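Structure data follow from protein_28.pdb (PDB, C-alpha atoms):
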ATOM      1  CA  MET A 646     110.950 107.553  29.225
ATOM      2  CA  LYS A 647     110.834 105.914  32.620
ATOM      3  CA  MET A 648     111.312 102.077  32.785
ATOM      4  CA  ARG A 649     109.280 100.180  35.336
ATOM      5  CA  LYS A 650     110.634  97.154  37.163
ATOM      6  CA  GLY A 651     108.563  94.104  38.150
ATOM      7  CA  PHE A 652     105.210  92.678  37.078
ATOM      8  CA  THR A 653     101.743  94.101  37.312
ATOM      9  CA  LEU A 654      99.122  92.487  39.521
ATOM     10  CA  ILE A 655      97.254  91.185  36.462
ATOM     11  CA  GLU A 656     100.376  89.499  35.096
ATOM     12  CA  LEU A 657     101.026  87.792  38.439
ATOM     13  CA  LEU A 658      97.414  86.571  38.700
ATOM     14  CA  VAL A 659      97.542  85.125  35.186
ATOM     15  CA  VAL A 660     100.770  83.232  35.950
ATOM     16  CA  ILE A 661      99.355  81.895  39.261
ATOM     17  CA  ALA A 662      96.159  80.772  37.493
ATOM     18  CA  ILE A 663      98.168  78.922  34.834
ATOM     19  CA  ILE A 664     100.312  77.194  37.454
ATOM     20  CA  GLY A 665      97.177  76.214  39.392
ATOM     21  CA  LEU A 666      95.570  74.772  36.264
ATOM     22  CA  LEU A 667      98.680  72.743  35.417
ATOM     23  CA  ALA A 668      98.914  71.436  38.997
ATOM     24  CA  THR A 669      95.272  70.320  38.899
ATOM     25  CA  ILE A 670      95.756  68.526  35.595
ATOM     26  CA  ALA A 671      98.883  66.784  36.934
ATOM     27  CA  PHE A 672      97.059  65.682  40.097
ATOM     28  CA  ILE A 673      94.166  64.225  38.106
ATOM     29  CA  ALA A 674      96.535  62.485  35.701
ATOM     30  CA  LEU A 675      98.477  60.839  38.541
ATOM     31  CA  ASN A 676      95.415  59.676  40.494
ATOM     32  CA  SER A 677      94.616  56.786  38.126
ATOM     33  CA  PRO A 678      98.126  55.243  38.313
ATOM     34  CA  ARG A 679      97.958  55.434  42.128
ATOM     35  CA  GLN A 680      94.680  53.517  42.149
ATOM     36  CA  LYS A 681      96.101  50.930  39.756
ATOM     37  CA  ALA A 682      99.207  50.560  41.932
ATOM     38  CA  ARG A 683      97.050  49.993  45.039
ATOM     39  CA  ASP A 684      94.994  47.405  43.147
ATOM     40  CA  SER A 685      98.177  45.610  42.033
ATOM     41  CA  LYS A 686      99.310  45.538  45.662
ATOM     42  CA  ARG A 687      95.942  44.088  46.711
ATOM     43  CA  ALA A 688      96.229  41.340  44.071
ATOM     44  CA  ALA A 689      99.763  40.516  45.260
ATOM     45  CA  ASP A 690      98.547  40.478  48.882
ATOM     46  CA  MET A 691      95.850  37.942  47.982
ATOM     47  CA  LYS A 692      98.469  35.687  46.410
ATOM     48  CA  GLN A 693     100.654  35.897  49.540
ATOM     49  CA  LEU A 694      97.694  35.246  51.843
ATOM     50  CA  ARG A 695      96.564  32.268  49.775
ATOM     51  CA  THR A 696     100.089  30.808  49.825
ATOM     52  CA  ALA A 697     100.381  31.201  53.617
ATOM     53  CA  LEU A 698      96.954  29.619  54.119
ATOM     54  CA  GLU A 699      97.880  26.664  51.907
ATOM     55  CA  LEU A 700     101.078  26.134  53.925
ATOM     56  CA  TYR A 701      98.973  26.193  57.109
ATOM     57  CA  PHE A 702      96.469  23.741  55.583
ATOM     58  CA  ASN A 703      99.223  21.354  54.484
ATOM     59  CA  THR A 704     100.584  21.284  58.042
ATOM     60  CA  LYS A 705      97.346  21.309  60.059
ATOM     61  CA  GLY A 706      94.842  19.651  57.718
ATOM     62  CA  SER A 707      92.422  22.576  58.034
ATOM     63  CA  TYR A 708      92.367  26.319  57.557
ATOM     64  CA  PRO A 709      92.731  28.541  60.623
ATOM     65  CA  PRO A 710      89.547  29.672  62.351
ATOM     66  CA  GLU A 711      88.578  33.295  62.034
ATOM     67  CA  SER A 712      89.296  35.339  65.086
ATOM     68  CA  GLY A 713      87.827  38.579  66.377
ATOM     69  CA  ASP A 714      86.072  40.533  63.668
ATOM     70  CA  GLY A 715      88.015  38.790  60.893
ATOM     71  CA  GLU A 716      90.178  41.741  59.854
ATOM     72  CA  ILE A 717      93.611  40.857  58.488
ATOM     73  CA  GLY A 718      96.670  43.098  58.716
ATOM     74  CA  ASN A 719      95.332  45.267  61.510
ATOM     75  CA  PRO A 720      96.888  44.189  64.812
ATOM     76  CA  ALA A 721      95.100  46.975  66.723
ATOM     77  CA  ASN A 722      91.750  45.374  65.964
ATOM     78  CA  GLY A 723      92.306  42.309  63.797
ATOM     79  CA  GLN A 724      94.999  39.787  63.004
ATOM     80  CA  GLY A 725      98.653  40.669  62.579
ATOM     81  CA  CYS A 726     100.216  37.323  61.650
ATOM     82  CA  LEU A 727      99.506  33.671  60.840
ATOM     83  CA  GLY A 728     101.298  31.240  63.125
ATOM     84  CA  ASP A 729     100.883  27.809  64.681
ATOM     85  CA  LEU A 730      97.848  29.009  66.669
ATOM     86  CA  GLY A 731      96.174  30.419  63.556
ATOM     87  CA  TRP A 732      95.484  34.114  63.095
ATOM     88  CA  GLU A 733      97.154  35.940  65.961
ATOM     89  CA  LEU A 734      96.734  39.462  67.252
ATOM     90  CA  ASP A 735     100.294  40.722  66.909
ATOM     91  CA  THR A 736     103.449  40.066  64.926
ATOM     92  CA  SER A 737     104.955  37.671  67.512
ATOM     93  CA  CYS A 738     103.358  34.472  66.253
ATOM     94  CA  ALA A 739     103.827  31.017  67.699
ATOM     95  CA  ALA A 740     106.240  28.916  65.628
ATOM     96  CA  PRO A 741     106.003  27.715  62.962
ATOM     97  CA  ILE A 742     105.169  31.034  61.381
ATOM     98  CA  TYR A 743     103.326  30.905  58.062
ATOM     99  CA  MET A 744     103.075  34.683  57.584
ATOM    100  CA  GLY A 745     105.051  36.916  59.937
ATOM    101  CA  VAL A 746     103.234  40.161  59.138
ATOM    102  CA  ALA A 747      99.833  39.969  57.496
ATOM    103  CA  PRO A 748      99.435  42.510  54.693
ATOM    104  CA  ARG A 749      97.076  45.418  55.091
ATOM    105  CA  ASP A 750      95.063  47.273  52.509
ATOM    106  CA  PRO A 751      97.318  49.909  50.862
ATOM    107  CA  SER A 752      94.696  52.649  51.277
ATOM    108  CA  ASN A 753      95.557  52.626  55.017
ATOM    109  CA  THR A 754      91.999  51.928  56.089
ATOM    110  CA  ALA A 755      93.421  49.598  58.735
ATOM    111  CA  THR A 756      94.249  52.662  60.802
ATOM    112  CA  ASN A 757      90.500  52.862  61.478
ATOM    113  CA  PRO A 758      89.825  49.672  63.466
ATOM    114  CA  GLY A 759      86.396  48.315  64.254
ATOM    115  CA  ASN A 760      85.159  47.994  60.690
ATOM    116  CA  ASN A 761      83.808  44.464  61.306
ATOM    117  CA  ARG A 762      84.395  42.765  57.962
ATOM    118  CA  PRO A 763      83.863  45.920  55.925
ATOM    119  CA  CYS A 764      84.798  44.287  52.635
ATOM    120  CA  GLU A 765      81.603  42.273  52.772
ATOM    121  CA  THR A 766      79.618  45.517  52.609
ATOM    122  CA  THR A 767      79.263  48.257  50.022
ATOM    123  CA  ALA A 768      81.787  50.580  51.683
ATOM    124  CA  LEU A 769      84.588  51.485  49.254
ATOM    125  CA  ALA A 770      87.532  51.653  51.621
ATOM    126  CA  CYS A 771      87.971  48.483  53.664
ATOM    127  CA  ASN A 772      90.407  46.209  55.435
ATOM    128  CA  TYR A 773      90.957  42.653  54.215
ATOM    129  CA  SER A 774      88.626  40.234  56.001
ATOM    130  CA  TYR A 775      88.863  36.477  56.485
ATOM    131  CA  ASP A 776      86.123  33.892  57.028
ATOM    132  CA  GLN A 777      86.735  30.203  57.626
ATOM    133  CA  ILE A 778      84.031  28.043  56.072
ATOM    134  CA  ASN A 779      83.010  24.418  55.781
ATOM    135  CA  ILE A 780      82.514  23.082  52.247
ATOM    136  CA  GLY A 781      80.166  20.151  51.790
ATOM    137  CA  THR A 782      80.620  17.645  54.591
ATOM    138  CA  GLY A 783      84.150  18.833  55.361
ATOM    139  CA  THR A 784      85.230  20.774  58.406
ATOM    140  CA  ASN A 785      87.330  23.941  58.161
ATOM    141  CA  ASN A 786      88.204  23.029  54.579
ATOM    142  CA  GLY A 787      87.574  26.411  53.000
ATOM    143  CA  TYR A 788      88.005  30.130  53.453
ATOM    144  CA  GLU A 789      87.082  33.467  51.953
ATOM    145  CA  ILE A 790      89.181  36.631  51.987
ATOM    146  CA  HIS A 791      87.241  39.730  50.994
ATOM    147  CA  PHE A 792      88.924  42.766  49.455
ATOM    148  CA  ARG A 793      87.933  45.699  47.255
ATOM    149  CA  LEU A 794      89.571  46.981  44.060
ATOM    150  CA  GLU A 795      89.365  50.619  43.021
ATOM    151  CA  ARG A 796      89.878  50.305  39.240
ATOM    152  CA  GLY A 797      90.540  46.640  38.574
ATOM    153  CA  THR A 798      93.720  44.762  37.691
ATOM    154  CA  GLY A 799      94.874  41.451  36.230
ATOM    155  CA  GLY A 800      91.476  40.432  34.889
ATOM    156  CA  LEU A 801      89.630  41.469  38.052
ATOM    157  CA  ASP A 802      87.070  44.227  37.824
ATOM    158  CA  ALA A 803      86.680  47.125  40.236
ATOM    159  CA  GLY A 804      84.593  46.444  43.326
ATOM    160  CA  LEU A 805      84.315  43.601  45.777
ATOM    161  CA  GLY A 806      86.688  40.684  45.258
ATOM    162  CA  CYS A 807      87.045  37.324  46.934
ATOM    163  CA  ALA A 808      90.016  35.002  47.343
ATOM    164  CA  THR A 809      89.302  31.372  48.217
ATOM    165  CA  GLU A 810      91.212  28.113  48.235
ATOM    166  CA  ALA A 811      89.952  27.705  44.639
ATOM    167  CA  GLY A 812      91.262  31.039  43.339
ATOM    168  CA  VAL A 813      90.557  34.767  43.155
ATOM    169  CA  GLY A 814      87.513  36.305  41.538
ATOM    170  CA  ALA A 815      84.771  38.879  41.725
ATOM    171  CA  THR A 816      82.516  36.612  43.781
ATOM    172  CA  CYS A 817      83.118  33.901  46.325
ATOM    173  CA  SER A 818      82.751  30.341  45.074
ATOM    174  CA  HIS A 819      80.956  29.197  48.231
TER     175      HIS A 819
END
How would this structure read if it were set down as structure tokens?
Amino acid sequence: MKMRKGFTLIELLVVIAIIGLLATIAFIALNSPRQKARDSKRAADMKQLRTALELYFNTKGSYPPESGDGEIGNPANGQGCLGDLGWELDTSCAAPIYMGVAPRDPSNTATNPGNNRPCETTALACNYSYDQINIGTGTNNGYEIHFRLERGTGGLDAGLGCATEAGVGATCSH
């Protein structure tokens, strides 16, 4: 009896199909943790931004004015750092520097400049956006930073989020 060497075409196709199915399942299973990790990064970014803005407020007595289209963390189109002059276009801020490099959304949407405060709209992917506001009879005594969560984290639900001088939540307090 003659022995054959190798696999038949059917056997190879079955093995390739099984590997493809396992790869698809692994990709789907890892997608959720990636979204959660990006949301955790966004929450941490809001804390850093709020801290830098409070340092600025304690020194200047007001929050910095918004500049350009209000994007944060996108030097090509928005603001790259927070220095003595407020939000500045690059990472060479005027001293004192409150935040040397402004964080950018971890989904890398900042590589697409010109979004014009996209986090205030229904678009899913967006850059962080900053608005200076006046509360009551005060001047430049408030701000809003808009961001979007994919799945939710730390008590915040998925969707549009807002960080203000009063805290972080699903809606702006102003």
> When distances are computed from all atoms listed in the file, which of A:Ile661, A:Leu730, A:Leu666, A:Met744 shows the smallest separation from Ala697 in chain A?
Replying inline: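 Answer, going by the shortest atom-to-atom distance: A:Met744.
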To test your reading of the syntax: which residues would the PyMOL selection byres ((chain A and resi 773) around 9) return for the file shown? Reply as a tab-separated table (two decimals) with C-alpha atoms, in the frame of the given file.
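selection14.tsv, freshly written:
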chain	number	residue	atom	x	y	z
A	715	GLY	CA	88.02	38.79	60.89
A	716	GLU	CA	90.18	41.74	59.85
A	717	ILE	CA	93.61	40.86	58.49
A	718	GLY	CA	96.67	43.10	58.72
A	719	ASN	CA	95.33	45.27	61.51
A	748	PRO	CA	99.44	42.51	54.69
A	749	ARG	CA	97.08	45.42	55.09
A	750	ASP	CA	95.06	47.27	52.51
A	755	ALA	CA	93.42	49.60	58.74
A	762	ARG	CA	84.40	42.76	57.96
A	763	PRO	CA	83.86	45.92	55.92
A	764	CYS	CA	84.80	44.29	52.64
A	771	CYS	CA	87.97	48.48	53.66
A	772	ASN	CA	90.41	46.21	55.44
A	774	SER	CA	88.63	40.23	56.00
A	775	TYR	CA	88.86	36.48	56.48
A	790	ILE	CA	89.18	36.63	51.99
A	791	HIS	CA	87.24	39.73	50.99
A	792	PHE	CA	88.92	42.77	49.46
A	793	ARG	CA	87.93	45.70	47.26
>> Starting from the PyMOL selection byres ((chain A and resi 819) around 8), expand the selection into actual residues of this file and give them as an MDAnalysis selection string.
In response: chainID A and resid 780 817:818
>> Between A:Asp776, A:Asp684, A:Asp802, A:Asp729, which residue has the minimum interatomic distance to Lys705 in chain A, considering all atoms listed in the file?
In response: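 For Lys705 in chain A, the nearest of the candidates is A:Asp729.
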>> Would you compute the distance between CA of Asn676 in chain A and CA of Ala815 in chain A? Give it in Å to one decimal.
In response: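 Distance between the two atoms: 23.4 Å.
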Can you complete the atoms of range 646-675 of chain A to N, CA and C atoms and list them as an mmCIF file, in the coordinates of the input?
data_model
loop_
_atom_site.group_PDB
_atom_site.id
_atom_site.type_symbol
_atom_site.label_atom_id
_atom_site.label_comp_id
_atom_site.auth_asym_id
_atom_site.auth_seq_id
_atom_site.Cartn_x
_atom_site.Cartn_y
_atom_site.Cartn_z
ATOM 1 N N MET A 646 112.003 108.435 28.823
ATOM 2 C CA MET A 646 110.950 107.553 29.225
ATOM 3 C C MET A 646 111.413 106.743 30.428
ATOM 4 N N LYS A 647 110.511 106.604 31.368
ATOM 5 C CA LYS A 647 110.834 105.914 32.620
ATOM 6 C C LYS A 647 110.521 104.418 32.494
ATOM 7 N N MET A 648 111.498 103.527 32.845
ATOM 8 C CA MET A 648 111.312 102.077 32.785
ATOM 9 C C MET A 648 110.769 101.585 34.131
ATOM 10 N N ARG A 649 109.785 100.748 34.086
ATOM 11 C CA ARG A 649 109.280 100.180 35.336
ATOM 12 C C ARG A 649 109.909 98.810 35.560
ATOM 13 N N LYS A 650 110.056 98.456 36.809
ATOM 14 C CA LYS A 650 110.634 97.154 37.163
ATOM 15 C C LYS A 650 109.555 96.313 37.816
ATOM 16 N N GLY A 651 109.527 95.010 37.528
ATOM 17 C CA GLY A 651 108.563 94.104 38.150
ATOM 18 C C GLY A 651 107.376 93.821 37.245
ATOM 19 N N PHE A 652 106.396 93.101 37.810
ATOM 20 C CA PHE A 652 105.210 92.678 37.078
ATOM 21 C C PHE A 652 103.989 93.389 37.648
ATOM 22 N N THR A 653 102.994 93.515 36.824
ATOM 23 C CA THR A 653 101.743 94.101 37.312
ATOM 24 C C THR A 653 100.951 93.026 38.037
ATOM 25 N N LEU A 654 99.969 93.418 38.784
ATOM 26 C CA LEU A 654 99.122 92.487 39.521
ATOM 27 C C LEU A 654 98.401 91.544 38.563
ATOM 28 N N ILE A 655 97.944 92.020 37.460
ATOM 29 C CA ILE A 655 97.254 91.185 36.462
ATOM 30 C C ILE A 655 98.185 90.111 35.926
ATOM 31 N N GLU A 656 99.404 90.477 35.606
ATOM 32 C CA GLU A 656 100.376 89.499 35.096
ATOM 33 C C GLU A 656 100.637 88.408 36.129
ATOM 34 N N LEU A 657 100.792 88.783 37.379
ATOM 35 C CA LEU A 657 101.026 87.792 38.439
ATOM 36 C C LEU A 657 99.830 86.868 38.598
ATOM 37 N N LEU A 658 98.611 87.399 38.561
ATOM 38 C CA LEU A 658 97.414 86.571 38.700
ATOM 39 C C LEU A 658 97.271 85.593 37.541
ATOM 40 N N VAL A 659 97.606 86.016 36.345
ATOM 41 C CA VAL A 659 97.542 85.125 35.186
ATOM 42 C C VAL A 659 98.539 83.977 35.342
ATOM 43 N N VAL A 660 99.752 84.270 35.755
ATOM 44 C CA VAL A 660 100.770 83.232 35.950
ATOM 45 C C VAL A 660 100.342 82.259 37.041
ATOM 46 N N ILE A 661 99.809 82.767 38.158
ATOM 47 C CA ILE A 661 99.355 81.895 39.261
ATOM 48 C C ILE A 661 98.205 81.014 38.794
ATOM 49 N N ALA A 662 97.283 81.556 38.012
ATOM 50 C CA ALA A 662 96.159 80.772 37.493
ATOM 51 C C ALA A 662 96.649 79.659 36.578
ATOM 52 N N ILE A 663 97.621 79.943 35.734
ATOM 53 C CA ILE A 663 98.168 78.922 34.834
ATOM 54 C C ILE A 663 98.857 77.815 35.625
ATOM 55 N N ILE A 664 99.635 78.192 36.620
ATOM 56 C CA ILE A 664 100.312 77.194 37.454
ATOM 57 C C ILE A 664 99.289 76.332 38.190
ATOM 58 N N GLY A 665 98.239 76.967 38.715
ATOM 59 C CA GLY A 665 97.177 76.214 39.392
ATOM 60 C C GLY A 665 96.485 75.234 38.471
ATOM 61 N N LEU A 666 96.202 75.642 37.249
ATOM 62 C CA LEU A 666 95.570 74.772 36.264
ATOM 63 C C LEU A 666 96.469 73.593 35.920
ATOM 64 N N LEU A 667 97.735 73.834 35.711
ATOM 65 C CA LEU A 667 98.680 72.743 35.417
ATOM 66 C C LEU A 667 98.809 71.776 36.586
ATOM 67 N N ALA A 668 98.825 72.293 37.815
ATOM 68 C CA ALA A 668 98.914 71.436 38.997
ATOM 69 C C ALA A 668 97.671 70.556 39.117
ATOM 70 N N THR A 669 96.510 71.102 38.845
ATOM 71 C CA THR A 669 95.272 70.320 38.899
ATOM 72 C C THR A 669 95.276 69.217 37.861
ATOM 73 N N ILE A 670 95.689 69.524 36.658
ATOM 74 C CA ILE A 670 95.756 68.526 35.595
ATOM 75 C C ILE A 670 96.745 67.418 35.967
ATOM 76 N N ALA A 671 97.887 67.786 36.523
ATOM 77 C CA ALA A 671 98.883 66.784 36.934
ATOM 78 C C ALA A 671 98.331 65.892 38.038
ATOM 79 N N PHE A 672 97.628 66.468 39.000
ATOM 80 C CA PHE A 672 97.059 65.682 40.097
ATOM 81 C C PHE A 672 96.039 64.678 39.573
ATOM 82 N N ILE A 673 95.182 65.114 38.677
ATOM 83 C CA ILE A 673 94.166 64.225 38.106
ATOM 84 C C ILE A 673 94.825 63.124 37.292
ATOM 85 N N ALA A 674 95.849 63.468 36.538
ATOM 86 C CA ALA A 674 96.535 62.485 35.701
ATOM 87 C C ALA A 674 97.258 61.431 36.531
ATOM 88 N N LEU A 675 97.745 61.789 37.709
ATOM 89 C CA LEU A 675 98.477 60.839 38.541
ATOM 90 C C LEU A 675 97.573 60.023 39.451
#
